[in-house]
Each structure stands twice: as structure tokens, then as C-alpha cells.
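Reviewing the structure listed below.
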Amino acid sequence: MAKLNYLNVGCGNKFHKDWINIDMNSNSPYVISHNLLEGLPFENDKFDVIYQSQVLEHFPKEKATDFIKECYRVLKPNGIIRIVVPDLENIVDEYKLYLNKNPTNPDKISEANYDWILLEMYDQTVRNYSGGQMAEFIKHPEVANINYIIDRMGFEGKSIRENYLKQKEKINLKDKKIIYLLKKIKRNLNVKGIHKILLNLFLTEKEKQYLSIGKFRLGGEIHFWMYDRFSLRRLLGNCKFRDIEIMTPYKSNIPKWEIYELDVKNNDVYDPTSLFIEAKK
């Protein structure tokens with residue numbers, strides 16, 4: 001396949017080698033490394049398609065409009081933008097469902113579902129360490145509602161759980177202690193620069209904690225805002241996009257969408273409970 005005039009913004013590890021792929025950091029020759037907060041490093045009216053999945057919610061609300069305007073700028077007239085974000089409406093509906101069920105008719109599964117949906121709503125916004133409580137929940141040896149979680153997380157959730165179970169089979173307690181020590185040594189060896197050494201010498205433990213949390217929360221993992229079908233439509237409309245349409249993981253106006261496997265891989269949807277929306281310039 002020839003190189004496509006399609007752009008995948010904030011692609012992470014989910015990209016197609018025949019697209020132009022760009023993200024804050026890159027571990028692949030097929031992905032351009034660029035700070036997306038500084039705009040998109042492309043000329044006006046360049047791309048036929050722009051795709052972004054699980055990206056917009058990582059921008060502070062006050063910066064979202066500028067980011068969408070940048071997408072509009074580099075998209076060709078009549079070009080298509082496809083956006084996938086966590087669906088606030090879906091999460092709220094699930095929260096209300098189990099909030100109403102548990103006070104009168106609770107069981108082990110419904111309570112676990114309630115706990116999980118609260119994590120979906122808040123954990124990725126308030127967490128101060130990578131993975132947060134969501135990762136701890138899904139990696140617990142016994143997860144009563146694992147099918148519910150996988151149904152909501154799709155391909156990613158399934159992969160996380162399968163990898164955890166494989167590692168659990170291989171690693172015994174002694175191995176875990178050795179791995180912990182190796183990681184600790186590696187962290188110490190990775191201290192680079194005189195400024196980091198000085199920080200460790202002169203900062204208090206509380207100041208080190210503040211620095212660590214601040215570095216994490218500005219590192220791009222957390223969610224700064226959430227969207228529903230009304231707010232995302234309004235944002236796109238305010239940025240001059242037209243023909244705004246709700247889609248599904250399988251449905252798109254992008255030609256041959258299914259062959260790129262960006263929303264569906266091996267018949268597993270990456271983010272089945274997300275909001276899928278498209279618009280044209």
C-alpha cells in the first residue's frame with residue numbers, strides 16, 4: 001500500500017505504517033515525535049483524513065479548542081476528522097444503573113461493577129501514579145467482574161488481563177524480590193545530571209513528593225476533561241467543522257476504514273464504550 005495522506009494524532013502504540021503518525025513521544029520509526037501542545041507541524045490543507053483516539057481528553061479544557069482548530073487547519077477542504085474519546089454519558093448511565101441497584105439488591109458482581117465504574121469516572125483524572133487504581137483492580141488475582149471490565153475496556157483490557165495472568169504463572173515470590181531489586185538498581189543508575197543529584201541532596205521528602213506528582217500529572221497520562229455527544233458536537237461546530245455525525249467502531253466515512261484496524265483489531269474493539277464521532281471541513 002502506498003503512503004496515505006492520512007494523519008493519526010496522538011497515536012501511542014496504535015498506528016498504521018502507511019499513515020502519517022505523530023505523538024508526544026515515539027518508540028517507532030513510523031511515529032513522529034512532537035509536542036502536540038505546540039500545534040501540528042504541518043502546512044495548511046494537507047491531509048485528507050485526521051484520526052485521533054483517546055487524545056482530546058488529555059488536553060486541558062482551555063486548550064482543546066486550539067487543538068481542534070489545528071486539526072481543522074491542516075485538514076483539506078471536505079477532509080474527514082474522526083475523534084474517539086471516553087463517553088461521559090455512557091459512564092454516567094452505568095454509574096446510575098449500579099447506584100440504583102446496589103442499595104436494594106446488591107450482589108458481589110453488582111458491587112464490583114459499581115466500584116469499577118467509579119474508577120472509570122474518576123481514577124484517570126485524580127491518579128498520582130501510572131495506571132492508578134484501575135490497573136490495580138484489573139491485575140488483582142481474583143476479579144469478580146472481569147467479564148464486565150473486558151466488555152468495557154475491549155482489546156486493551158483483554159490484553160492487560162492476559163499479560164498479567166501470564167506473568168503471574170511465571171513469577172514466584174523469590175523472582176518478584178529479585179525483579180524488585182533489579183528495578184531499584186536500574187532506577188538509581190538512571191539518575192542523570194548534576195541538577196537531579198542536587199535536588200536529591202537539598203529537597204525535603206515532601207518536596208520530592210510534590211515534584212514526583214507534578215511530573216506525573218503533567219506527563220500526559222491523566223484526563224483533564226470529559227466529553228459527551230453534545231459537548232463534542234459543539235466543540236467541533238465552534239471550530240467550523242460541518243456534517244458532524246455519531247459513528248461506531250465499525251462505521252466510518254473514511255474509505256476502507258476496516259483495513260487499518262485502528263478501532264477494531266482481530267474482531268475486538270479497542271474502546272467499545274467510547275464516543276465515536278466524525279465531521280468534515
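By convention here, the chains of the C-alpha cells are called A, B, ... in the order presented, each chain's residues are numbered starting at 1, and ligands are numbered starting at 1 in the order presented.
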
Secondary structure check, strand (DSSP E) residues of range 10-257 of chain A, as a VMD selection string: chain A and resid 20 to 23 31 to 33 47 to 53 75 to 86 242 to 246

I'd like the neighbourhood of Lys101 in chain A as a list in words, where a residue qualifies if any of its atoms comes within 9 Å (using only C-alpha atoms), though same-chain residues fewer than 4 positions away should be ignored. Lys96, Leu97, Asn105, Pro106, Ser110 and Glu111 of chain A

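Across the model, the gap from CA of Ile277 in chain A to CA of Ile246 in chain A is 4.5 Å.
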
Distance CA of Ile68 in chain A-CA of Met121 in chain A, one decimal place? 23.7 Å

Using only C-alpha atoms, what does the table of range 31-60 of chain A residues within 12 Å of range 227-235 of chain A look like, with each row giving the shortest atom pair and its distance in Å to one decimal, sorted by chain and ascending number, as CSV?
```
residue,atom,partner,partner_atom,distance
A:Gln54,CA,A:Tyr227,CA,11.1
A:Val55,CA,A:Tyr227,CA,11.6
A:Leu56,CA,A:Tyr227,CA,9.0
A:Glu57,CA,A:Tyr227,CA,7.5
A:His58,CA,A:Tyr227,CA,11.3
A:Phe59,CA,A:Tyr227,CA,11.7
```

Using only C-alpha atoms, which protein or nucleic acid residues come within 12 Å of Pro41 in chain A? Drop anything in the same chain fewer than 2 positions from it, and give the result as JSON, numbers by chain. {"A": [7, 9, 20, 21, 22, 23, 32, 33, 34, 35, 36, 37, 38, 39, 43, 44, 46, 70, 71, 73, 74]}

May I have the selected residues written with C-alpha atoms, as an mmCIF file, in the first residue's frame?
```cif
data_model
loop_
_atom_site.group_PDB
_atom_site.id
_atom_site.type_symbol
_atom_site.label_atom_id
_atom_site.label_comp_id
_atom_site.auth_asym_id
_atom_site.auth_seq_id
_atom_site.Cartn_x
_atom_site.Cartn_y
_atom_site.Cartn_z
ATOM 1 C CA LEU A 7 -2.791 11.658 9.854
ATOM 2 C CA VAL A 9 -2.619 12.256 16.001
ATOM 3 C CA ILE A 20 1.484 9.738 8.983
ATOM 4 C CA ASN A 21 1.611 9.054 12.731
ATOM 5 C CA ILE A 22 2.532 11.631 15.369
ATOM 6 C CA ASP A 23 2.702 11.596 19.158
ATOM 7 C CA ILE A 32 6.918 11.398 14.518
ATOM 8 C CA SER A 33 7.781 12.757 17.958
ATOM 9 C CA HIS A 34 6.299 16.213 18.569
ATOM 10 C CA ASN A 35 4.806 18.224 21.429
ATOM 11 C CA LEU A 36 1.126 18.396 20.428
ATOM 12 C CA LEU A 37 0.571 21.293 22.821
ATOM 13 C CA GLU A 38 2.616 23.385 20.389
ATOM 14 C CA GLY A 39 0.303 22.666 17.461
ATOM 15 C CA GLU A 43 1.187 23.090 6.377
ATOM 16 C CA ASN A 44 -2.407 24.197 5.838
ATOM 17 C CA LYS A 46 -2.514 18.955 3.850
ATOM 18 C CA GLU A 70 -5.085 22.993 14.471
ATOM 19 C CA CYS A 71 -6.712 19.824 13.146
ATOM 20 C CA ARG A 73 -6.115 23.995 9.710
ATOM 21 C CA VAL A 74 -4.112 21.017 8.413
#
```
